Amino acid sequence: MSQYQASKMTQQKLHFIVIDDSKLDCFIAEKIIRNTGVSESIKSFVDAREALEHIKNHPATDAANKTILIVDIQMPVMNGFEFVEAFEELPEEIQKGYIIYVLSSSINESDLTRVRNYKSVKHFLNKPLTSNTLSTLVEWI
Amino acid sequence: MSKQERIKILYVDDEINNLHGFKASFRLDYNVFIANNTAEATDILNNHPDIRVIFCDQRMPDKTGVEFFGEIRGQHPHPVRMLLTGYTDIESVIDAINMGHIFRYIKKPWTDADIRSAVDEGNKFYLANSMLAIKNEELQKAYNELDKFAYSVTHDMRGPLLSILGAVDVAQNIDDIGEIKEMLGLMELSVKKLDNFIQNIHDYYNLKRGDLQITDIDFSKVVNDQEDIYKITAKMNNIDFKTEVQQNESFRCDEMSMKVILNNLLSNAFKYQKKNNGDKFVHLNVTIDKGLAHIQVKDNGIGIHENHIGEIFNMFFRATSEEVGSGFGLYNVKDALLKLNGEIKVDSVVDGGTTFNVTIPSK
C-alpha cells in the first residue's frame, strides 16, 4: 500500500455504490475501488430502480462519511438521467449523503451537456474507469 | 372506373346554367361537385378534402376566382386550382399564376376537351404532389431512425469494447487465476454482446434494403435449422424445447425474413427465462392453414410488464436489465412482418411467461 493510500485511510473510509447494467463494468469498478483501499463498502446494482430503492431505505447515518454514486447513462428500464432526476426528488437529508459521478461510454455532446445541468451530479467520467481516475476523484472529496 | 374511384372535382360559378351544363357534361366521368358561390364552395371543400381539381369562374359577385383561390390555398393546399376566364381578365390571371394561386387557366367559353385535358393534367400533378408528400414523410422517418441509430451505435458498440478495455487494465494487476477466469467469463459476455449487435445490424440492413425473395417454404426444414441453433442452449440451461410443425399445403414467403422472425422470437424466449425455475420451457408451434402461417412462440420466463408491452417493438427499447439484449431483435421482427403483411400479438404475464402469436399470409 502506498503512503498516499495509507494517509487517506486514516482520514476517512468511503462508501461506494455502482449502478451499471453491464455486469462486467460493475465488476471492474468494484475491483478498482477495492484496490484503492479507501472503501468502507461497495455495492453494485444492474438495475437503477433497485439502487434508488436501496438509497431511499438506507439514509446515511453520519453526514461526514458520504457515499459515492457512480452511475452509467444508458441503461434499460431506468437510465442514468431518469435515475438522477428521481434522486433529486428525494428528501434533502438523504441527498446530501451522496455524491454522484456519471460514468459513460457516450461521446454524444447533448448527453454531456445534459449531465452538466443536473445540480446533484458532481462530474462526468469517461469509461473505462481506471485507478488513476478514481484516485483523482477521491482526492477531490 | 367505379363510382367511388372517380376523381372528385369542384366547379364554382355564379351562373346556375353554367353549373348545370358542366355537371351534365362530366358527371359520368368524374364525381362532380358544384357551388353557386364561394361560401358554398368552401363548405364542400371542408366536407370533401379529397377533391382533386377545382375550377372557378373569375368574375363572381362576392369575390373573384383569384381571391377565392388565394383564400382557400392555406387550408386546402392539395386540390389543383384552375381558373375559368375571358381574355379581358388576362392581367389578373398572369398575377395569379405568378403568385402560385392557380395551376392553369381555361379560356371561356370552355369546350369539353379543354376541361378533360385540364382534369387529366391536374390529376397527374395532384398525384405527383401526394406521392412527394408521402416520400417526404418516409424520408423524415428514415432520418429520425438514422439519428437514433447513430446515437445508439456509439453506445452499443463502444460499451462492450470499453468494458473489455477496463477489464484488461484491471486484470494486469491481478495474480489470482480464479479471479482472472471470472473476468474472462465476463469479457466473453461482452464480446458476445458486441457480436450479437453486429449480427442484428446486418439483419436490420438486409430487411430495410433487401428485396424479398419469394420461394416455397418447407417449415419442417426451417424449424429444424432453428432447433440446431438452440439445442445446445436448451440443454445447457435445462430448458424443455418442443417444436411442432403442421404443413399440408405449400407456402410461399421470403425465407430470410422468416428466419429473422423465428430466430429473434426464440432467442428472446431462451434469454428471458427465470433463473431458478426448475421447469423452464420454450414451445414453438407452426401451423399452415388456408394460405396463412400461424407461428406461436411460448415460454414461461420472466414476462413483460404491461407498461412496456407497447414499446417492445421500438428500436433500441429494452424492458429489462437482465441478459444481453440489444433492443434490436423485436424491432427487426416487426420490420420483417411489415414487409410480409404479417401480424404479431403478444400475451405476457410478469413471472408467468410470454406468448407471441404471428400470422403471415402466403405470397
# chains A, B, ... in the order shown; residues from 1 in each chain; ligands from 1
>>> closest_atom_pairs(of="chain B", to="chain A", cutoff="8 Å", atoms="only C-alpha atoms", output="Markdown table")
| residue | atom | partner | partner_atom | distance |
| --- | --- | --- | --- | --- |
| B:Tyr151 | CA | A:Asn108 | CA | 7.2 |
| B:Thr154 | CA | A:Ser106 | CA | 7.0 |
| B:His155 | CA | A:Ser106 | CA | 6.0 |
| B:Arg158 | CA | A:Ser105 | CA | 6.4 |
| B:Gly159 | CA | A:Ser105 | CA | 5.8 |
| B:Leu162 | CA | A:Pro128 | CA | 5.4 |
| B:Ser163 | CA | A:Asp25 | CA | 5.7 |
| B:Leu165 | CA | A:Pro128 | CA | 6.8 |
| B:Gly166 | CA | A:Pro128 | CA | 5.0 |
| B:Ala167 | CA | A:Ile28 | CA | 5.9 |
| B:Asp169 | CA | A:Thr130 | CA | 7.6 |
| B:Val170 | CA | A:Ile28 | CA | 6.8 |
| B:Met183 | CA | A:Leu24 | CA | 7.5 |
| B:Leu186 | CA | A:Leu24 | CA | 5.4 |
| B:Met187 | CA | A:Leu24 | CA | 6.9 |
| B:Ser190 | CA | A:Leu24 | CA | 7.6 |
| B:Phe317 | CA | A:Pro76 | CA | 7.3 |
| B:Arg318 | CA | A:Pro76 | CA | 5.2 |
| B:Ala319 | CA | A:Val77 | CA | 5.5 |
| B:Thr320 | CA | A:Val77 | CA | 5.9 |
| B:Ser321 | CA | A:Pro76 | CA | 5.6 |
>>> write_last_selection(atoms="all heavy atoms", output="short mmCIF file (atom, residue, chain, number, x, y, z; two decimals), in the first residue's frame")
data_model
loop_
_atom_site.label_atom_id
_atom_site.label_comp_id
_atom_site.auth_asym_id
_atom_site.auth_seq_id
_atom_site.Cartn_x
_atom_site.Cartn_y
_atom_site.Cartn_z
N TYR B 151 -26.70 7.36 -32.69
CA TYR B 151 -26.53 7.59 -31.26
C TYR B 151 -26.32 6.27 -30.53
O TYR B 151 -25.40 6.12 -29.73
CB TYR B 151 -27.76 8.30 -30.71
CG TYR B 151 -27.75 8.49 -29.22
CD1 TYR B 151 -27.04 9.55 -28.66
CD2 TYR B 151 -28.42 7.64 -28.38
CE1 TYR B 151 -27.01 9.74 -27.29
CE2 TYR B 151 -28.41 7.81 -27.01
CZ TYR B 151 -27.70 8.86 -26.47
OH TYR B 151 -27.67 9.04 -25.10
N THR B 154 -22.95 4.18 -31.17
CA THR B 154 -21.78 4.56 -30.39
C THR B 154 -21.81 3.90 -29.02
O THR B 154 -20.80 3.44 -28.52
CB THR B 154 -21.66 6.09 -30.20
OG1 THR B 154 -22.89 6.56 -29.70
CG2 THR B 154 -21.30 6.78 -31.49
N HIS B 155 -23.01 3.85 -28.44
CA HIS B 155 -23.10 3.23 -27.12
C HIS B 155 -22.97 1.71 -27.21
O HIS B 155 -22.20 1.10 -26.49
CB HIS B 155 -24.41 3.59 -26.43
CG HIS B 155 -24.59 2.85 -25.14
ND1 HIS B 155 -25.36 1.72 -25.04
CD2 HIS B 155 -24.06 3.05 -23.91
CE1 HIS B 155 -25.30 1.26 -23.80
NE2 HIS B 155 -24.53 2.05 -23.09
N ARG B 158 -19.36 0.83 -28.55
CA ARG B 158 -18.28 1.25 -27.67
C ARG B 158 -18.40 0.62 -26.29
O ARG B 158 -17.41 0.28 -25.66
CB ARG B 158 -18.28 2.78 -27.50
CG ARG B 158 -17.66 3.54 -28.62
CD ARG B 158 -17.40 4.96 -28.19
NE ARG B 158 -16.08 5.14 -27.60
CZ ARG B 158 -15.83 5.93 -26.57
NH1 ARG B 158 -16.78 6.62 -26.01
NH2 ARG B 158 -14.60 6.04 -26.11
N GLY B 159 -19.65 0.49 -25.82
CA GLY B 159 -19.89 -0.03 -24.48
C GLY B 159 -19.13 -1.32 -24.20
O GLY B 159 -18.27 -1.35 -23.31
N LEU B 162 -15.27 -0.87 -24.36
CA LEU B 162 -14.68 -0.18 -23.21
C LEU B 162 -14.70 -1.07 -21.97
O LEU B 162 -13.79 -1.00 -21.14
CB LEU B 162 -15.40 1.14 -22.95
CG LEU B 162 -15.26 2.18 -24.07
CD1 LEU B 162 -16.00 3.45 -23.72
CD2 LEU B 162 -13.79 2.48 -24.33
N SER B 163 -15.74 -1.90 -21.86
CA SER B 163 -15.79 -2.84 -20.74
C SER B 163 -14.57 -3.76 -20.80
O SER B 163 -13.91 -4.00 -19.79
CB SER B 163 -17.05 -3.71 -20.82
OG SER B 163 -18.19 -2.92 -20.68
N LEU B 165 -11.77 -3.26 -22.36
CA LEU B 165 -10.57 -2.47 -22.13
C LEU B 165 -10.33 -2.27 -20.63
O LEU B 165 -9.22 -2.45 -20.12
CB LEU B 165 -10.72 -1.10 -22.83
CG LEU B 165 -9.49 -0.26 -22.98
CD1 LEU B 165 -8.50 -0.95 -23.90
CD2 LEU B 165 -9.86 1.11 -23.55
N GLY B 166 -11.39 -1.94 -19.94
CA GLY B 166 -11.30 -1.74 -18.49
C GLY B 166 -10.87 -3.03 -17.80
O GLY B 166 -10.03 -3.01 -16.89
N ALA B 167 -11.45 -4.13 -18.25
CA ALA B 167 -11.14 -5.43 -17.65
C ALA B 167 -9.68 -5.80 -17.87
O ALA B 167 -9.01 -6.30 -16.96
CB ALA B 167 -12.06 -6.49 -18.22
N ASP B 169 -7.23 -3.79 -18.25
CA ASP B 169 -6.45 -2.91 -17.37
C ASP B 169 -6.40 -3.45 -15.94
O ASP B 169 -5.35 -3.53 -15.32
CB ASP B 169 -7.09 -1.51 -17.43
CG ASP B 169 -6.26 -0.49 -16.69
OD1 ASP B 169 -5.04 -0.46 -16.95
OD2 ASP B 169 -6.82 0.26 -15.86
N VAL B 170 -7.56 -3.84 -15.45
CA VAL B 170 -7.65 -4.35 -14.09
C VAL B 170 -6.92 -5.68 -13.96
O VAL B 170 -6.17 -5.92 -13.00
CB VAL B 170 -9.12 -4.51 -13.65
CG1 VAL B 170 -9.22 -5.25 -12.33
CG2 VAL B 170 -9.78 -3.14 -13.53
N MET B 183 -13.15 -12.95 -14.62
CA MET B 183 -13.18 -11.78 -15.51
C MET B 183 -13.24 -12.20 -16.97
O MET B 183 -13.93 -11.58 -17.77
CB MET B 183 -11.97 -10.90 -15.26
CG MET B 183 -12.08 -10.20 -13.93
SD MET B 183 -10.77 -9.02 -13.69
CE MET B 183 -11.25 -7.74 -14.79
N LEU B 186 -16.73 -12.80 -17.94
CA LEU B 186 -17.48 -11.56 -18.17
C LEU B 186 -17.06 -10.89 -19.48
O LEU B 186 -17.87 -10.31 -20.19
CB LEU B 186 -17.28 -10.60 -16.99
CG LEU B 186 -17.96 -11.05 -15.69
CD1 LEU B 186 -17.44 -10.24 -14.51
CD2 LEU B 186 -19.46 -10.92 -15.79
N MET B 187 -15.76 -11.00 -19.78
CA MET B 187 -15.29 -10.43 -21.04
C MET B 187 -15.90 -11.16 -22.23
O MET B 187 -16.27 -10.56 -23.24
CB MET B 187 -13.76 -10.49 -21.12
CG MET B 187 -13.09 -9.46 -20.21
SD MET B 187 -11.38 -9.88 -19.86
CE MET B 187 -10.55 -9.25 -21.29
N SER B 190 -19.21 -9.81 -22.96
CA SER B 190 -19.13 -8.52 -23.67
C SER B 190 -18.88 -8.73 -25.15
O SER B 190 -19.46 -8.05 -25.99
CB SER B 190 -18.01 -7.66 -23.09
OG SER B 190 -18.47 -6.98 -21.96
N PHE B 317 -35.31 -0.34 -27.71
CA PHE B 317 -36.01 -0.40 -26.42
C PHE B 317 -35.65 -1.70 -25.70
O PHE B 317 -35.63 -2.76 -26.29
CB PHE B 317 -37.52 -0.33 -26.58
CG PHE B 317 -38.23 -0.41 -25.26
CD1 PHE B 317 -38.29 0.69 -24.44
CD2 PHE B 317 -38.77 -1.61 -24.81
CE1 PHE B 317 -38.90 0.62 -23.18
CE2 PHE B 317 -39.37 -1.70 -23.56
CZ PHE B 317 -39.44 -0.59 -22.75
N ARG B 318 -35.34 -1.61 -24.41
CA ARG B 318 -35.12 -2.81 -23.62
C ARG B 318 -35.95 -2.72 -22.37
O ARG B 318 -35.92 -1.73 -21.67
CB ARG B 318 -33.63 -2.95 -23.26
CG ARG B 318 -32.76 -3.24 -24.47
CD ARG B 318 -31.31 -3.37 -24.08
NE ARG B 318 -31.15 -4.44 -23.12
CZ ARG B 318 -30.13 -4.52 -22.28
NH1 ARG B 318 -29.21 -3.58 -22.28
NH2 ARG B 318 -30.04 -5.52 -21.43
N ALA B 319 -36.72 -3.78 -22.10
CA ALA B 319 -37.65 -3.75 -20.97
C ALA B 319 -37.02 -4.27 -19.69
O ALA B 319 -37.62 -4.21 -18.65
CB ALA B 319 -38.90 -4.56 -21.31
N THR B 320 -35.79 -4.75 -19.78
CA THR B 320 -35.18 -5.35 -18.60
C THR B 320 -33.67 -5.18 -18.65
O THR B 320 -33.08 -5.06 -19.72
CB THR B 320 -35.52 -6.85 -18.51
OG1 THR B 320 -34.75 -7.44 -17.48
CG2 THR B 320 -35.21 -7.57 -19.81
N SER B 321 -33.04 -5.20 -17.47
CA SER B 321 -31.59 -5.16 -17.49
C SER B 321 -31.02 -6.57 -17.45
O SER B 321 -29.82 -6.77 -17.43
CB SER B 321 -31.04 -4.32 -16.34
OG SER B 321 -31.87 -4.40 -15.23
#
>>> select_by_dssp(residues="range 19-186 of chain B", states="strand (DSSP E)", output="list in words")
Asn31, Val32, Phe33, Ile34, Ala35, Val53, Ile54, Phe55, Cys56, Asp57, Val80, Arg81, Met82, Leu83, Leu84, Thr85, Arg104, Tyr105, Ile106 and Lys107 of chain B
>>> atom_distance(atom1="CA of Leu10 in chain B", atom2="CA of Asp95 in chain B")
22.7 Å
>>> atom_distance(atom1="CA of Phe281 in chain B", atom2="CA of Ile239 in chain B")
5.1 Å
>>> residues_around(residues="Ile19 in chain A", least_positions_apart="5", cutoff="7 Å", atoms="only C-alpha atoms", output="PyMOL selection string")
chain A and resi 44-46+48+70-72
